[in-house]
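**Student:** Structure file data-v2.txt, compact mmCIF, C-alpha atoms, is pasted below:
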# COMPACT_ATOMS: atom_id res chain seq x y z
CA MET A 230 0.82 -10.19 -19.56
CA GLY A 231 -1.96 -9.82 -17.01
CA LEU A 232 -5.67 -9.01 -17.06
CA VAL A 233 -7.75 -7.65 -14.21
CA LEU A 234 -11.46 -8.16 -13.55
CA PRO A 235 -12.80 -5.96 -12.20
CA ASP A 236 -10.74 -2.80 -12.16
CA PRO A 237 -11.60 -1.06 -8.85
CA LEU A 238 -12.68 2.16 -10.56
CA LEU A 239 -14.01 0.57 -13.78
CA PRO A 240 -15.92 -2.46 -12.49
CA ASN A 241 -17.37 -3.48 -15.86
CA ASP A 242 -14.08 -3.57 -17.75
CA VAL A 243 -11.38 -6.15 -18.32
CA LEU A 244 -8.11 -4.29 -18.80
CA PRO A 245 -4.57 -5.34 -19.70
CA THR A 246 -2.48 -3.97 -16.85
CA GLN A 247 0.81 -5.82 -17.11
CA PHE A 248 3.03 -6.29 -20.12
CA PHE A 249 6.75 -6.41 -19.55
CA ILE A 250 9.92 -8.25 -20.44
CA THR A 251 12.82 -9.29 -18.22
CA GLN A 252 16.31 -10.12 -19.44
CA SER A 253 19.37 -11.38 -17.60
CA LEU A 254 22.55 -9.69 -18.75
CA SER A 255 24.79 -11.76 -16.47
CA LYS A 256 24.50 -13.95 -13.40
CA GLU A 257 24.31 -10.85 -11.21
CA ILE A 258 22.56 -8.28 -13.44
CA SER A 259 19.14 -8.26 -15.09
CA VAL A 260 16.70 -5.67 -16.42
CA LEU A 261 12.92 -5.26 -16.56
CA VAL A 262 11.06 -2.99 -18.99
CA GLY A 263 7.30 -2.61 -19.36
CA LYS A 264 4.10 -1.82 -17.51
CA VAL A 265 3.80 -3.44 -14.09
CA THR A 266 1.66 -3.37 -10.97
CA VAL A 267 3.69 -1.41 -8.46
CA VAL A 268 2.25 -3.34 -5.53
CA ASP A 269 4.14 -6.43 -6.69
CA LEU A 270 7.55 -4.77 -6.76
CA ALA A 271 7.99 -2.14 -4.09
CA ASP A 272 8.16 -2.39 -0.30
CA GLN A 273 7.88 -6.17 0.00
CA THR A 274 8.28 -7.78 3.41
CA MET A 275 9.35 -11.41 3.78
CA PHE A 276 5.87 -12.50 4.86
CA GLY A 277 2.43 -11.13 5.63
CA ASN A 278 2.13 -8.58 2.80
CA ASN A 279 -0.54 -10.20 0.63
CA SER A 280 -4.04 -8.90 1.34
CA LYS A 281 -5.57 -12.08 -0.11
CA TYR A 282 -4.24 -14.08 2.83
CA TYR A 283 -3.33 -11.69 5.63
CA PHE A 284 -4.12 -8.12 6.66
CA ALA A 285 -6.79 -6.12 4.82
CA ASN A 286 -5.56 -2.67 5.83
CA LEU A 287 -3.09 -1.04 3.42
CA ASN A 288 -0.82 0.09 6.24
CA PHE A 289 0.19 -3.53 6.86
CA ASN A 290 0.71 -4.28 3.16
CA LYS A 291 2.49 -1.22 1.75
CA SER A 292 3.82 2.16 2.68
CA PRO A 293 0.90 4.63 2.95
CA ALA A 294 3.27 7.30 1.61
CA ALA A 295 3.41 5.48 -1.73
CA LEU A 296 -0.09 6.70 -2.57
CA ASN A 297 1.31 10.21 -2.91
CA TYR A 298 3.65 9.08 -5.71
CA PHE A 299 2.33 5.98 -7.49
CA ASN A 300 -0.80 4.75 -9.16
CA ALA A 301 -1.59 1.03 -9.03
CA VAL A 302 0.24 0.44 -12.33
CA SER A 303 3.28 2.09 -13.86
CA TRP A 304 5.51 2.00 -16.92
CA THR A 305 9.03 1.34 -15.72
CA ALA A 306 12.60 0.52 -16.65
CA LEU A 307 14.49 -1.21 -13.84
CA GLY A 308 17.93 -2.63 -13.31
CA VAL A 309 18.60 -5.40 -10.77
CA TRP A 310 21.98 -6.28 -9.24
CA SER A 311 22.38 -9.36 -7.06
CA PRO A 312 26.00 -9.78 -5.99
CA GLY A 313 25.12 -12.67 -3.67
CA PRO A 314 22.21 -14.66 -2.22
CA GLN A 315 21.90 -12.26 0.73
CA LEU A 316 21.71 -8.97 -1.17
CA VAL A 317 19.61 -7.60 -4.02
CA VAL A 318 19.73 -3.98 -5.20
CA TYR A 319 17.37 -2.62 -7.81
CA GLY A 320 16.22 0.74 -9.03
CA GLY A 321 15.16 2.75 -12.01
CA VAL A 322 12.49 5.04 -13.33
CA PHE A 323 8.72 4.74 -12.86
CA ASP A 324 6.04 6.75 -14.64
CA PRO A 325 3.79 8.46 -12.06
CA ASN A 326 1.05 9.12 -14.65
CA SER A 327 0.32 5.52 -15.71
CA LYS A 328 -3.20 4.18 -15.25
CA ALA A 329 -4.90 0.89 -15.98
CA ASP A 330 -7.51 2.41 -18.31
CA ASN A 331 -5.05 3.62 -20.97
CA PHE A 332 -1.91 2.39 -22.67
CA ALA A 333 0.56 5.20 -22.05
CA ASP A 334 -1.17 8.57 -21.77
CA HIS A 335 1.28 11.27 -20.61
CA ALA A 336 3.90 8.60 -20.00
CA PHE A 337 7.09 9.99 -18.46
CA ASP A 338 5.96 13.61 -18.59
CA ASN A 339 7.26 13.32 -15.02
CA VAL A 340 9.23 10.57 -13.31
CA ASN A 341 9.68 8.70 -10.06
CA LEU A 342 13.31 7.68 -9.46
CA TYR A 343 13.29 4.69 -7.14
CA LEU A 344 16.14 2.81 -5.45
CA THR A 345 15.92 -0.05 -2.96
CA SER A 346 17.89 -2.96 -1.59
CA ILE A 347 16.91 -6.20 0.16
CA LEU A 348 19.31 -7.64 2.74
CA SER A 349 18.54 -11.20 3.88
CA TYR A 350 20.14 -12.61 7.01
CA SER A 351 19.72 -15.21 9.72
CA VAL A 352 19.81 -14.81 13.51
CA GLY A 353 20.21 -18.06 15.39
CA GLY A 354 18.93 -19.95 12.37
CA LEU A 355 15.84 -17.73 12.12
CA PRO A 356 15.48 -15.89 8.78
CA GLY A 357 15.17 -12.12 8.62
CA GLN A 358 15.15 -9.32 6.06
CA PHE A 359 15.73 -5.57 5.93
CA ALA A 360 14.76 -3.40 2.95
CA PRO A 361 15.34 0.39 2.82
CA ALA A 362 14.12 2.43 -0.18
CA PHE A 363 14.16 5.99 -1.49
CA ASN A 364 11.89 7.66 -4.05
CA TRP A 365 12.31 11.09 -5.66
CA SER A 366 9.70 12.61 -7.96
CA ASN A 367 9.43 15.71 -10.11
CA LYS A 368 5.67 15.38 -10.51
CA PRO A 369 4.28 18.56 -8.92
CA LYS A 370 2.78 18.14 -5.43
CA ILE A 371 0.49 20.59 -3.72
CA ASP A 372 2.43 22.99 -1.48
CA LEU A 373 0.87 22.21 1.88
CA ALA A 374 2.63 25.18 3.51
CA SER A 375 0.68 27.54 1.22
CA PRO A 376 -1.73 25.45 -0.88
CA PHE A 377 -3.86 28.22 -2.36
CA GLY A 378 -3.77 31.83 -3.38
CA SER A 379 -6.73 34.03 -2.63
CA LEU A 380 -10.02 32.11 -2.69
CA THR A 381 -12.55 34.46 -4.26
CA THR A 382 -15.61 33.30 -2.31
CA PRO A 383 -16.25 31.51 1.00
CA ALA A 384 -17.91 28.71 -0.97
CA ALA A 385 -14.56 27.98 -2.66
CA ALA A 386 -13.23 26.66 0.67
CA THR A 387 -15.35 23.51 0.34
CA PRO A 388 -13.82 22.24 -2.93
CA ALA A 389 -10.43 23.37 -1.65
CA VAL A 390 -10.71 21.04 1.34
CA GLY A 391 -11.95 18.30 -0.96
CA ALA A 392 -8.93 18.77 -3.20
CA LEU A 393 -6.52 18.57 -0.25
CA LEU A 394 -8.11 15.26 0.72
CA GLY A 395 -7.72 13.92 -2.81
CA ALA A 396 -11.47 14.04 -3.36
CA SER A 397 -11.42 16.27 -6.42
CA PRO A 398 -8.91 17.87 -8.77
CA PHE A 399 -7.37 21.27 -8.19
CA ASP A 400 -8.82 22.53 -11.49
CA GLY A 401 -10.30 26.01 -11.09
CA LEU A 402 -8.57 26.60 -7.76
CA PRO A 403 -5.62 28.99 -7.32
CA ALA A 404 -3.38 26.12 -6.23
CA ASN A 405 0.34 26.37 -5.47
CA PHE A 406 2.61 23.43 -6.22
CA LYS A 407 6.12 22.26 -5.39
CA ASN A 408 8.05 20.91 -8.36
CA GLU A 409 9.67 17.97 -6.59
CA SER A 410 9.35 15.78 -3.54
CA TRP A 411 10.82 12.66 -1.95
CA VAL A 412 10.16 9.94 0.60
CA ALA A 413 12.44 7.48 2.42
CA ILE A 414 10.98 4.19 3.66
CA ALA A 415 12.15 0.92 5.16
CA ASN A 416 10.73 -2.41 6.30
CA PHE A 417 11.99 -5.36 8.29
CA SER A 418 10.87 -8.95 8.78
CA GLN A 419 12.10 -11.40 11.41
CA TYR A 420 10.99 -14.91 12.27
CA LEU A 421 10.83 -15.61 16.01
CA TYR A 422 9.96 -19.31 15.77
CA VAL A 423 9.99 -21.78 12.88
CA VAL A 424 8.12 -25.08 12.65
CA ASP A 425 9.70 -26.25 9.37
CA ASP A 426 13.04 -28.04 9.43
CA ALA A 427 16.16 -26.35 8.05
CA THR A 428 15.93 -28.03 4.62
CA THR A 429 12.26 -27.15 4.13
CA THR A 430 12.88 -23.60 5.34
CA SER A 431 15.71 -23.15 2.83
CA GLN A 432 13.56 -24.49 -0.01
CA LYS A 433 10.64 -22.23 0.91
CA LEU A 434 12.88 -19.17 1.08
CA LYS A 435 14.17 -19.87 -2.43
CA SER A 436 10.69 -20.40 -3.85
CA GLY A 437 8.99 -17.56 -1.96
CA GLN A 438 6.61 -19.86 -0.09
CA PRO A 439 5.50 -18.90 3.46
CA ILE A 440 7.38 -20.59 6.27
CA ARG A 441 5.42 -22.21 9.07
CA GLY A 442 6.13 -20.32 12.25
CA ILE A 443 5.81 -16.99 14.03
CA GLY A 444 7.31 -13.75 12.77
CA VAL A 445 7.16 -10.01 13.24
CA PHE A 446 7.44 -7.33 10.56
CA GLY A 447 7.21 -3.57 10.45
CA ARG A 448 7.49 -0.46 8.30
CA ALA A 449 8.54 3.14 8.81
CA GLY A 450 9.01 6.14 6.57
CA TYR A 451 9.43 9.89 6.32
CA GLY A 452 8.86 12.61 3.71
CA PRO A 453 8.86 16.44 3.93
CA GLN A 454 5.58 17.63 5.40
CA VAL A 455 5.26 20.42 2.85
CA THR A 456 4.58 17.86 0.08
CA ASN A 457 3.56 14.66 1.91
CA PRO A 458 0.12 14.52 3.60
CA ILE A 459 1.40 11.55 5.63
CA THR A 460 4.70 12.97 6.84
CA SER A 461 5.88 9.91 8.76
CA TYR A 462 4.46 6.55 9.67
CA ALA A 463 5.26 3.34 11.50
CA SER A 464 3.60 -0.05 11.77
CA VAL A 465 4.34 -3.39 13.39
CA ALA A 466 2.55 -6.72 13.09
CA LEU A 467 2.81 -10.28 14.32
CA ILE A 468 2.01 -13.24 12.05
CA ALA A 469 1.60 -16.92 13.02
CA GLU A 470 1.25 -19.41 10.18
CA GLY A 471 0.75 -23.18 10.06
CA LEU A 472 1.57 -23.80 13.70
CA TYR A 473 -0.46 -27.00 13.98
CA SER A 474 -0.34 -30.23 12.00
CA GLY A 475 -3.40 -30.53 9.81
CA ARG A 476 -3.84 -26.73 9.74
CA GLU A 477 -0.68 -25.88 7.77
CA TYR A 478 -2.44 -23.21 5.69
CA ASP A 479 -4.14 -21.37 8.55
CA SER A 480 -2.68 -18.08 9.76
CA PHE A 481 -3.35 -15.46 12.41
CA GLY A 482 -2.20 -11.86 12.69
CA VAL A 483 -2.43 -8.74 14.83
CA GLY A 484 -1.00 -5.35 13.95
CA TYR A 485 -0.86 -1.66 14.90
CA TYR A 486 -0.03 1.38 12.76
CA TYR A 487 0.43 5.11 13.30
CA ASN A 488 0.36 7.77 10.57
CA ARG A 489 1.55 11.29 11.43
CA ILE A 490 -0.38 13.78 9.31
CA SER A 491 1.46 16.84 8.00
CA SER A 492 1.11 19.75 10.42
CA ASN A 493 0.79 21.99 7.38
CA LEU A 494 -2.20 19.98 6.16
CA LYS A 495 -3.78 20.13 9.62
CA ALA A 496 -3.40 23.91 9.66
CA ASP A 497 -4.84 24.18 6.13
CA ILE A 498 -7.96 22.23 7.07
CA THR A 499 -8.48 24.25 10.24
CA GLN A 500 -8.10 27.54 8.38
CA LEU A 501 -10.28 26.60 5.41
CA THR A 502 -13.09 25.36 7.63
CA LEU A 503 -12.91 28.46 9.87
CA GLU A 504 -11.74 26.31 12.79
CA THR A 505 -14.88 24.18 12.70
CA THR A 506 -12.94 21.07 11.66
CA THR A 507 -9.61 19.67 12.78
CA ALA A 508 -7.45 16.77 11.65
CA ASN A 509 -5.45 14.51 13.93
CA ASP A 510 -2.85 11.82 13.42
CA GLU A 511 -4.36 8.51 12.40
CA SER A 512 -3.78 5.13 14.03
CA GLY A 513 -5.37 1.72 13.92
CA ILE A 514 -5.28 -1.96 14.77
CA GLU A 515 -6.30 -5.08 12.90
CA VAL A 516 -6.78 -8.70 13.96
CA PHE A 517 -7.55 -11.51 11.49
CA TYR A 518 -7.72 -15.28 11.24
CA ASP A 519 -7.23 -16.99 7.88
CA LEU A 520 -9.18 -20.26 7.98
CA ALA A 521 -8.14 -22.44 5.04
CA LEU A 522 -11.14 -24.56 4.03
CA THR A 523 -8.84 -25.92 1.34
CA PRO A 524 -5.42 -24.64 0.21
CA ALA A 525 -7.29 -22.59 -2.41
CA ILE A 526 -10.43 -21.49 -0.53
CA ARG A 527 -10.18 -19.22 2.51
CA LEU A 528 -12.57 -17.74 5.03
CA ILE A 529 -10.90 -14.70 6.61
CA PRO A 530 -12.77 -12.85 9.36
CA SER A 531 -11.03 -9.68 10.55
CA TYR A 532 -11.62 -6.77 12.91
CA GLN A 533 -10.24 -3.26 12.51
CA HIS A 534 -10.47 -0.22 14.73
CA ILE A 535 -9.22 3.09 13.33
CA TRP A 536 -8.73 6.24 15.38
CA HIS A 537 -9.10 9.58 13.58
CA PRO A 538 -9.48 8.28 9.99
CA LEU A 539 -8.45 11.38 8.04
CA ALA A 540 -11.14 11.70 5.37
CA ALA A 541 -14.03 10.58 7.60
CA GLN A 542 -12.79 12.86 10.38
CA VAL A 543 -12.80 15.94 8.16
CA ALA A 544 -15.93 15.15 6.14
CA LYS A 545 -18.16 13.75 8.89
CA GLY A 546 -16.46 14.53 12.18
CA GLN A 547 -15.98 10.80 12.72
CA ASN A 548 -13.12 10.09 15.14
CA HIS A 549 -13.44 6.30 15.24
CA ASP A 550 -14.20 3.59 12.72
CA ARG A 551 -14.74 -0.09 13.32
CA ARG A 552 -14.74 -2.85 10.72
CA LEU A 553 -15.77 -6.45 11.28
CA SER A 554 -15.66 -8.35 8.03
CA ASP A 555 -15.46 -11.84 6.68
CA GLY A 556 -15.65 -13.33 3.23
CA PRO A 557 -14.52 -16.44 1.37
CA HIS A 558 -11.38 -16.20 -0.71
CA CYS A 559 -11.35 -18.50 -3.70
CA SER A 560 -8.01 -18.95 -5.44
CA LEU A 561 -7.57 -20.29 -8.93
CA VAL A 562 -4.36 -22.12 -8.11
CA ASN A 563 -2.84 -23.61 -5.00
CA ASP A 564 0.64 -22.21 -5.45
CA ARG A 565 0.71 -18.69 -4.00
CA GLN A 566 3.51 -17.45 -6.22
CA GLU A 567 1.74 -18.60 -9.36
CA GLU A 568 -1.51 -17.11 -8.18
CA THR A 569 0.19 -13.77 -7.56
CA ALA A 570 1.58 -13.85 -11.09
CA LEU A 571 -1.79 -14.67 -12.63
CA CYS A 572 -3.86 -12.28 -10.55
CA SER A 573 -1.26 -9.71 -9.64
CA ASN A 574 -3.55 -6.71 -9.86
CA ASP A 575 -5.85 -7.99 -7.17
CA SER A 576 -4.34 -4.98 -5.46
CA ARG A 577 -7.25 -3.96 -3.31
CA ALA A 578 -4.67 -2.95 -0.75
CA SER A 579 -3.28 -0.25 -3.01
CA VAL A 580 -6.11 0.93 -5.19
CA GLN A 581 -8.45 3.79 -4.46
CA LEU A 582 -12.05 3.25 -3.43
CA LEU A 583 -14.73 5.81 -4.08
CA ASN A 584 -17.16 6.96 -1.44
CA VAL A 585 -19.62 9.81 -1.82
CA VAL A 586 -19.86 11.95 1.30
CA HIS A 587 -22.40 14.74 1.69
CA GLN A 588 -21.30 17.85 3.61
CA ASP A 589 -22.42 21.48 3.38
CA LYS A 590 -24.66 20.66 0.40
CA CYS A 591 -21.62 19.50 -1.57
CA ASP A 592 -20.97 15.92 -2.65
CA PHE A 593 -17.34 15.04 -2.13
CA LEU A 594 -16.08 12.12 -4.16
CA LEU A 595 -13.66 11.05 -1.47
CA ILE A 596 -10.88 8.80 -2.60
CA GLU A 597 -10.26 6.44 0.25
CA ASN A 598 -6.72 5.11 -0.09
CA CYS A 599 -6.21 2.77 2.77
CA GLN A 600 -9.22 0.63 3.48
CA ARG A 601 -11.17 -2.26 2.10
CA SER A 602 -12.74 -5.28 3.69
CA ARG A 603 -12.29 -8.81 2.49
CA GLY A 604 -15.98 -9.16 1.81
CA PRO A 605 -18.01 -6.21 0.48
CA VAL A 606 -15.90 -3.13 -0.06
CA ALA A 607 -16.23 -0.64 2.78
CA PRO A 608 -15.07 2.98 3.04
CA TYR A 609 -12.16 3.96 5.24
Could you take the file, read its structure, and then write that structure out as structure tokens?
**Tutor:**
Amino acid sequence: MGLVLPDPLLPNDVLPTQFFITQSLSKEISVLVGKVTVVDLADQTMFGNNSKYYFANLNFNKSPAALNYFNAVSWTALGVWSPGPQLVVYGGVFDPNSKADNFADHAFDNVNLYLTSILSYSVGGLPGQFAPAFNWSNKPKIDLASPFGSLTTPAAATPAVGALLGASPFDGLPANFKNESWVAIANFSQYLYVVDDATTTSQKLKSGQPIRGIGVFGRAGYGPQVTNPITSYASVALIAEGLYSGREYDSFGVGYYYNRISSNLKADITQLTLETTTANDESGIEVFYDLALTPAIRLIPSYQHIWHPLAAQVAKGQNHDRRLSDGPHCSLVNDRQEETALCSNDSRASVQLLNVVHQDKCDFLLIENCQRSRGPVAPY
């Protein structure tokens, strides 16, 4: 069972967000049932996917398409099959309506059906991993090809744009929905250089500890543009960890991502704003250095530059965003796996941050999905 303080949207509450059981049925098969944080299960790379130690931007931690299907927590029933040490296959049903502030409201009124596999391999003694995944959902998604019926007044265009950006609900709008949608994603990880010896590397792989060395990882995905605001995406990043004796816990990273925005969504925004606003594909870079003051206390300065951030571009006409941030990270335990288990909903990489934007005398409560800084929270 896990507790989170604070919840990103309820900062004064302590909420139970994880309660689940796991049971092995045989050496190869096990099951998991309960409420979990999705960020700890899906789309895991071999290294570099923990925002407490590495990249701050969501695009280097998880698939940005996941935000169209999952909340931060979900009720689930999963089956896991591991026929050998190099292959794991798991899948099952997730509840797309689960939230941290209630036990099981509207649970499984709709479903996400999720299937993934993790293939581990070695090239010249250097570990690597490939993990494809597929998700299908019958939770209705806005039909981006024809999102609305007739809007009765010109003023209705403003909340309509806000709804398309996820800023407000579609309540009161003549919205059109598709009854199902899907997305296919994949990630890879490959070490290019390893400092640890073969025995230490093997032990760290079994325990999930980071290997000292240099590696590259990336993600890519695609979903139909009629139901996925981010139709396709790709990212790649380089991580160097513990290269020098005496600085075993330090790490450095640089990454680039590109998100292709649905052409249907671009056309919707242009039409609703009477061609005064356009949306472009989004891309960005991030560079960070994780300075370990102790194994449990980190100072992590990072720099991000984002081109055409979607919400800021539409709401404020902002085509660039820069972020220079630093802040100490204080861990309760030294072991990273144990810390993840104890504080597993420190999922600032996957949760939604609220930012009030004023435009045309209307306050949008924009839900920024992909951006936080490691110090004070900043809008995307």
**Student:** Residues within 9 Å of Ala294 in chain A, please, as number ranges by chain. Count only C-alpha atoms; anything in the same chain fewer than 3 positions from it doesn't count.
**Tutor:** A: 291, 297-298, 412, 414, 450-452, 457-462
**Student:** Counting all atoms listed in the file, which residues come within 10 Å of (18.7, -18.7, 11.5), with the point read in the file's coordinates, and could you list them as a PyMOL selection string?
**Tutor:** chain A and resi 350-357+419-423+427+430
**Student:** Pick out the residues sitting within 7 Å of Asp324 in chain A, and hand them over as a list in words; count only C-alpha atoms, and ignore anything fewer than 4 positions along from it in its own chain.
**Tutor:**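 Counting only C-alpha atoms, the residues come to Ser303, Trp304, Thr305, Ala336, Phe337, Asn339, Val340 and Asn341 of chain A.
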**Student:** Just checking: using all atoms listed in the file, which residue out of A:Leu348, A:Ile490, A:Ala295, A:Leu503 ends up closest to Ala413 in chain A?
**Tutor:**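 When distances to Ala413 in chain A are compared using all atoms listed in the file, the smallest one comes from A:Ala295.
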**Student:** May I have the residues within 6 Å of Lys407 in chain A as a VMD selection string, using only C-alpha atoms and disregarding those fewer than 2 positions away in the same chain?
**Tutor:** chain A and resid 369 to 370 372 409
**Student:** Restricting the calculation to all atoms listed in the file: of A:Pro245, A:Gly447, A:Ser349, A:Pro538, which residue gets closest to Leu394 in chain A?
**Tutor:**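 Between A:Pro245, A:Gly447, A:Ser349, A:Pro538, the residue approaching Leu394 in chain A most closely is A:Pro538.
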**Student:** Restricting the calculation to only C-alpha atoms, which member of A:Ala541, A:Val309, A:Asp272, A:Asn290 is positioned closest to Thr251 in chain A?
**Tutor:**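 With only C-alpha atoms as the atom set, the closest residue is A:Val309.
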**Student:** Within 8 Å of (-3.9, 34.0, -6.5) (file coordinates; all atoms listed in the file), which protein or nucleic acid residues are there? I'd like them as a list of chain:residue names.
**Tutor:** A:Phe377, A:Gly378, A:Ser379, A:Leu380, A:Pro403, A:Ala404
**Student:** So which one's closest to Gln358 in chain A, A:Asn278, A:Gln273, A:Ser480, A:Gln252? Using all atoms listed in the file, please.
**Tutor:**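 Of A:Asn278, A:Gln273, A:Ser480, A:Gln252, the one nearest Gln358 in chain A is A:Gln273, counting all atoms listed in the file.
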**Student:** Find the residue from A:Phe446, A:Asp425, A:Ala384, A:Tyr283 that sits nearest to Ala521 in chain A; use all atoms listed in the file when measuring.
**Tutor:**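 Checking each of A:Phe446, A:Asp425, A:Ala384, A:Tyr283 against Ala521 in chain A, counting all atoms listed in the file, the winner is A:Tyr283.
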**Student:** Could you jot down the CA of Ala466 in chain A to CA of Thr274 in chain A separation for me, Å, one decimal place?
**Tutor:**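 CA of Thr274 in chain A lies at a distance of 11.3 Å from CA of Ala466 in chain A.
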**Student:** Between CA of Pro293 in chain A and CA of Lys264 in chain A, measure the distance and give it in Å to one decimal.
**Tutor:**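 Taking CA of Pro293 in chain A and CA of Lys264 in chain A, their separation equals 21.7 Å.
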**Student:** Please report the interatomic distance between CA of Leu244 in chain A and CA of Asp269 in chain A in Å with one decimal.
**Tutor:**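 Atom-to-atom, CA of Leu244 in chain A to CA of Asp269 in chain A, that is 17.4 Å.
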